[in-house]
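Participant: The structure's right below; bear with me while I get my questions together.
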Amino acid sequence: MTFSVAVLAAWTLVAASEVRAADPPARAGGAVDWYTGAQQQAVDDSWAVAVDGSTSVTSNSSAFGSVTVTAPLAGTPTQSGPRVRVEGVAGTYSYPGQAVASRVTGYQQEGSVLTGYEWVWREAALAGYIGFNVRSNQLSILDPGNPVVGTGIGFKVAANFYANPTDRTMVSAYGSYSTKFNAYYSRFRVGYMVADGVYIGPEALFLGDDFFRQYRVGGHLSGLTFGPVQMSLAVGYVQDRVQGSGYYSSIEARANF
């Protein structure tokens with residue numbers, strides 16, 4: 001079975017995931033957006049809330065979407081300070097249920113409320129969060145082989161990092177863990193700037209819980225800008241403990257208000 005974070009994407013997407021990386025580091029002459037790598041012409045403190053959306057699908061029967069809202073509790077987003085984050089994830093998946101000799105379809109919804117702190121430097125940013133998540137997993141038929149069923153509350157932690165090691169490179173990382181079903185999600189990206197504010201490079205993701213384990217390896221194109229929206233695209237290979245191998249694709253977008 002596949003589930004798409006951040007990340008981002010997955011059981012615990014954040015992320016997300018399943019799924020965001022660190023906020024942009026403030027820097028002279030412009031900042032690089034944490035989400036897409038888009039090069040800004042100048043540091044802009046006029047916005048107060050970042051809204052991030054993502055969707056991810058796989059060839060082995062999963063589709064997930066997420067929305068994340070992040071805001072500073074004091075100061076501006078381009079300064080170090082406390083943050084609050086609200087996340088929502090929903091999706092569906094299916095897998096061959098060996099214990100029931102039938103294909104099982106699952107439905108997942110999750111909401112998280114996190115608080116934390118972000119440190120912003122000239123060329124990097126690091127953030128850590130702590131809070132709770134409410135997660136609901138329902139199956140089309142009862143599967144004794146899948147313990148990840150029901151609705152409950154978990155303790156959740158998350159961290160993200162973004163840096164520009166050089167003028168033409170970027171590095172980002174994100175990770176989260178919830179005590180509900182021991183769900184985890186992580187993503188690591190590096191990129192090289194091939195056009196003004198546009199990065200291309202590899203990415204790797206690792207995600208799972210008490211039922212499944214999965215990894216993804218692929219490539220991303222980050223920094224695409226369409227008016228006020230910045231976007232990132234990714235495609236690659238997925239290997240899942242239950243479903244076997246396949247392919248994934250994801251689209252991520254960010255807007256500031």
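Residue numbering restarts at 1 in every chain; chains get A, B, ... in the order shown in the structure tokens, and ligands count up from 1 in that same order.
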Assign secondary structure with DSSP using the backbone only, and return the residues of segment 118-156 of chain A in strand (DSSP E or B) as a list in words.
Facilitator: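 So, restricting segment 118-156 of chain A to strand (DSSP E or B), we get Glu118, Trp119, Val120, Ala124, Ala125, Leu126, Ala127, Gly128, Tyr129, Ile130, Gly131, Phe132, Asn133, Val134, Arg135, Ser136, Asn137, Gln138, Leu139, Gly150, Thr151, Gly152, Ile153, Gly154, Phe155 and Lys156 of chain A.
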Participant: Can you write just those residues out, N, CA and C atoms, as a compact mmCIF listing (two decimals), in the first residue's frame?
Facilitator:
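What ended up in again.txt:
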# COMPACT_ATOMS: atom_id res chain seq x y z
N GLU A 118 11.19 29.03 14.74
CA GLU A 118 12.04 28.99 13.54
C GLU A 118 13.20 29.95 13.70
N TRP A 119 14.40 29.44 13.42
CA TRP A 119 15.60 30.26 13.42
C TRP A 119 15.95 30.60 11.97
N VAL A 120 16.08 31.87 11.67
CA VAL A 120 16.34 32.34 10.31
C VAL A 120 17.70 33.03 10.28
N ALA A 124 20.13 30.31 5.57
CA ALA A 124 19.52 29.07 6.02
C ALA A 124 18.39 29.36 7.01
N ALA A 125 17.56 28.35 7.24
CA ALA A 125 16.49 28.44 8.23
C ALA A 125 16.24 27.04 8.79
N LEU A 126 15.96 26.98 10.10
CA LEU A 126 15.69 25.73 10.79
C LEU A 126 14.49 25.93 11.70
N ALA A 127 13.52 25.01 11.64
CA ALA A 127 12.32 25.12 12.45
C ALA A 127 12.00 23.79 13.11
N GLY A 128 11.46 23.86 14.34
CA GLY A 128 11.01 22.69 15.06
C GLY A 128 9.61 22.91 15.59
N TYR A 129 8.77 21.86 15.56
CA TYR A 129 7.37 21.97 15.96
C TYR A 129 6.99 20.82 16.88
N ILE A 130 5.99 21.09 17.73
CA ILE A 130 5.45 20.07 18.61
C ILE A 130 3.95 20.31 18.76
N GLY A 131 3.17 19.24 18.86
CA GLY A 131 1.72 19.41 18.97
C GLY A 131 1.02 18.07 18.95
N PHE A 132 -0.18 18.04 18.36
CA PHE A 132 -0.94 16.80 18.32
C PHE A 132 -1.64 16.66 16.97
N ASN A 133 -2.01 15.45 16.64
CA ASN A 133 -2.77 15.19 15.41
C ASN A 133 -3.92 14.25 15.71
N VAL A 134 -5.00 14.42 14.97
CA VAL A 134 -6.15 13.52 15.03
C VAL A 134 -6.23 12.81 13.69
N ARG A 135 -6.22 11.49 13.72
CA ARG A 135 -6.18 10.73 12.48
C ARG A 135 -7.28 9.67 12.45
N SER A 136 -7.92 9.54 11.30
CA SER A 136 -8.96 8.55 11.09
C SER A 136 -8.61 7.69 9.89
N ASN A 137 -8.59 6.38 10.09
CA ASN A 137 -8.36 5.41 9.02
C ASN A 137 -9.53 4.43 8.99
N GLN A 138 -10.18 4.34 7.84
CA GLN A 138 -11.29 3.42 7.67
C GLN A 138 -11.03 2.51 6.47
N LEU A 139 -11.48 1.25 6.56
CA LEU A 139 -11.28 0.28 5.50
C LEU A 139 -12.62 -0.15 4.91
N GLY A 150 -9.25 2.97 12.62
CA GLY A 150 -9.92 3.69 13.69
C GLY A 150 -9.52 5.15 13.74
N THR A 151 -10.00 5.83 14.77
CA THR A 151 -9.75 7.26 14.95
C THR A 151 -9.13 7.49 16.32
N GLY A 152 -8.12 8.34 16.37
CA GLY A 152 -7.47 8.62 17.64
C GLY A 152 -6.59 9.85 17.57
N ILE A 153 -6.04 10.21 18.73
CA ILE A 153 -5.19 11.38 18.87
C ILE A 153 -3.77 10.93 19.15
N GLY A 154 -2.81 11.60 18.53
CA GLY A 154 -1.41 11.29 18.74
C GLY A 154 -0.59 12.52 19.06
N PHE A 155 0.54 12.32 19.70
CA PHE A 155 1.53 13.37 19.94
C PHE A 155 2.42 13.46 18.71
N LYS A 156 2.65 14.66 18.20
CA LYS A 156 3.38 14.81 16.94
C LYS A 156 4.51 15.82 17.06
Participant: Find the residues around segment 67-70 of chain A up to 8 Å (only C-alpha atoms counted), leave out those fewer than 4 positions away in its own chain, and share them as an mmCIF file with N, CA, C and O atoms, in the first residue's frame.
Facilitator:
data_model
loop_
_atom_site.group_PDB
_atom_site.id
_atom_site.type_symbol
_atom_site.label_atom_id
_atom_site.label_comp_id
_atom_site.auth_asym_id
_atom_site.auth_seq_id
_atom_site.Cartn_x
_atom_site.Cartn_y
_atom_site.Cartn_z
ATOM 1 N N VAL A 49 0.808 35.137 6.498
ATOM 2 C CA VAL A 49 0.380 33.741 6.513
ATOM 3 C C VAL A 49 0.826 33.060 5.223
ATOM 4 O O VAL A 49 0.656 33.620 4.132
ATOM 5 N N ALA A 50 1.390 31.864 5.342
ATOM 6 C CA ALA A 50 1.757 31.053 4.180
ATOM 7 C C ALA A 50 0.785 29.888 4.066
ATOM 8 O O ALA A 50 0.542 29.180 5.052
ATOM 9 N N VAL A 51 0.210 29.702 2.887
ATOM 10 C CA VAL A 51 -0.705 28.592 2.635
ATOM 11 C C VAL A 51 -0.066 27.664 1.611
ATOM 12 O O VAL A 51 0.250 28.090 0.496
ATOM 13 N N ASP A 52 0.124 26.420 1.991
ATOM 14 C CA ASP A 52 0.775 25.433 1.137
ATOM 15 C C ASP A 52 -0.197 24.305 0.817
ATOM 16 O O ASP A 52 -0.900 23.810 1.701
ATOM 17 N N GLY A 53 -0.219 23.898 -0.433
ATOM 18 C CA GLY A 53 -1.054 22.786 -0.853
ATOM 19 C C GLY A 53 -0.247 21.794 -1.653
ATOM 20 O O GLY A 53 0.720 22.161 -2.326
ATOM 21 N N SER A 54 -0.610 20.528 -1.574
ATOM 22 C CA SER A 54 0.096 19.504 -2.342
ATOM 23 C C SER A 54 -0.838 18.359 -2.665
ATOM 24 O O SER A 54 -1.830 18.116 -1.976
ATOM 25 N N ARG A 83 6.208 30.123 15.846
ATOM 26 C CA ARG A 83 5.319 29.836 14.732
ATOM 27 C C ARG A 83 4.161 28.962 15.200
ATOM 28 O O ARG A 83 4.270 28.216 16.176
ATOM 29 N N VAL A 84 3.058 29.028 14.460
ATOM 30 C CA VAL A 84 1.943 28.109 14.642
ATOM 31 C C VAL A 84 1.603 27.519 13.280
ATOM 32 O O VAL A 84 1.685 28.215 12.252
ATOM 33 N N ARG A 85 1.254 26.247 13.268
ATOM 34 C CA ARG A 85 0.973 25.557 12.010
ATOM 35 C C ARG A 85 -0.264 24.679 12.157
ATOM 36 O O ARG A 85 -0.413 23.957 13.147
ATOM 37 N N VAL A 86 -1.152 24.737 11.167
ATOM 38 C CA VAL A 86 -2.346 23.895 11.118
ATOM 39 C C VAL A 86 -2.298 23.099 9.818
ATOM 40 O O VAL A 86 -2.086 23.682 8.742
ATOM 41 N N GLU A 87 -2.484 21.784 9.910
ATOM 42 C CA GLU A 87 -2.363 20.908 8.744
ATOM 43 C C GLU A 87 -3.614 20.060 8.564
ATOM 44 O O GLU A 87 -4.242 19.653 9.545
ATOM 45 N N GLY A 88 -3.951 19.785 7.320
ATOM 46 C CA GLY A 88 -5.038 18.878 6.998
ATOM 47 C C GLY A 88 -4.635 17.959 5.862
ATOM 48 O O GLY A 88 -4.025 18.410 4.881
ATOM 49 N N VAL A 89 -4.949 16.667 5.984
ATOM 50 C CA VAL A 89 -4.579 15.666 4.981
ATOM 51 C C VAL A 89 -5.777 14.759 4.730
ATOM 52 O O VAL A 89 -6.500 14.398 5.663
#
Participant: Any idea what's packed within 9 Å of Ala183 of chain A, counting only C-alpha atoms, ignoring anything in its chain fewer than 2 positions away? Could you give it as a list in words?
Facilitator: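 Once the nearby chain positions are removed, what remains is Trp11, Thr12, Ser176, Tyr177, Ser178, Thr179, Lys180, Phe181, Tyr185, Leu207, Gly208, Asp209 and Asp210 of chain A.
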Participant: Nearest residue to Thr115 of chain A out of A:Pro77, A:Pro72, A:Gly145, A:Gly223, using only C-alpha atoms?
Facilitator: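 Result for the nearest residue to Thr115 of chain A: A:Pro72.
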Participant: Mind giving me the straight-line distance from atom CA of Tyr184 of chain A to atom CA of Gly65 of chain A in Å, one decimal?
Facilitator: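 For atom CA of Tyr184 of chain A relative to atom CA of Gly65 of chain A, the distance reads 16.8 Å.
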Participant: Report the distance between atom CA of Ala90 of chain A and atom CA of Arg241 of chain A in Å, rounded to one decimal place.
Facilitator: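 Atom CA of Ala90 of chain A sits 21.5 Å away from atom CA of Arg241 of chain A.
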Participant: A:Gly218, A:Gly244, A:Arg213, A:Pro165: which is nearest Arg189 of chain A, counting only C-alpha atoms?
Facilitator: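 Between A:Gly218, A:Gly244, A:Arg213, A:Pro165, the residue approaching Arg189 of chain A most closely is A:Gly218.
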Participant: Go through A:Thr78, A:Ser245, A:Ser232, A:Asn164 one by one, measure the shortest atom-to-atom distance of each to His220 of chain A using only C-alpha atoms, and give the residue with the smallest value.
Facilitator: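 Nearest candidate to His220 of chain A out of A:Thr78, A:Ser245, A:Ser232, A:Asn164: A:Ser232.
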Participant: In terms of the shortest atom-to-atom distance over only C-alpha atoms, which of A:Ala253, A:Ala204, A:Ala234, A:Val113 is closest to Thr58 of chain A?
Facilitator: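 Result for the nearest residue to Thr58 of chain A: A:Ala234.
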Participant: Gly201 of chain A: which residues within 8 Å, counting only C-alpha atoms, same-chain residues fewer than 5 positions away excluded, as a PyMOL selection string?
Facilitator: chain A and resi 189-192+219-221
Participant: For Gly97 of chain A, please output as a PyMOL selection string all residues within 9 Å (counting only C-alpha atoms; exclusion window: fewer than 5 positions along the same chain).
Facilitator: chain A and resi 102-104+143-146
Participant: Those residues with C-alpha atoms, as a compact mmCIF listing (two decimals), in the first residue's frame please?
Facilitator:
# COMPACT_ATOMS: atom_id res chain seq x y z
CA SER A 102 -9.59 -9.50 -1.43
CA ARG A 103 -8.53 -6.00 -2.37
CA VAL A 104 -9.02 -3.51 0.47
CA ASP A 143 -8.77 -6.71 7.42
CA PRO A 144 -7.28 -8.53 10.44
CA GLY A 145 -3.84 -8.07 8.92
CA ASN A 146 -4.03 -4.26 9.11
Participant: Give me, as a list in words, all polymer residues having an atom no more than 9 Å from Thr225 of chain A, counting only C-alpha atoms and skipping those fewer than 2 positions away in the same chain.
Facilitator: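 The residues satisfying every condition are Thr36, Ala38, Gly197, Val198, Gly223, Gly227, Pro228, Val229, Gln230 and Met231 of chain A.
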Participant: Could you state the separation of atom CA of Phe206 of chain A and atom CA of Ser59 of chain A in Å, given to one decimal place?
Facilitator: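 Spanning atom CA of Phe206 of chain A to atom CA of Ser59 of chain A is a straight-line distance of 17.3 Å.
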Participant: Which of these, A:Pro147, A:Asn256, A:Asp196, A:Gln109, has the shortest distance to Phe212 of chain A once you count only C-alpha atoms?
Facilitator: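 Result for the nearest residue to Phe212 of chain A: A:Pro147.
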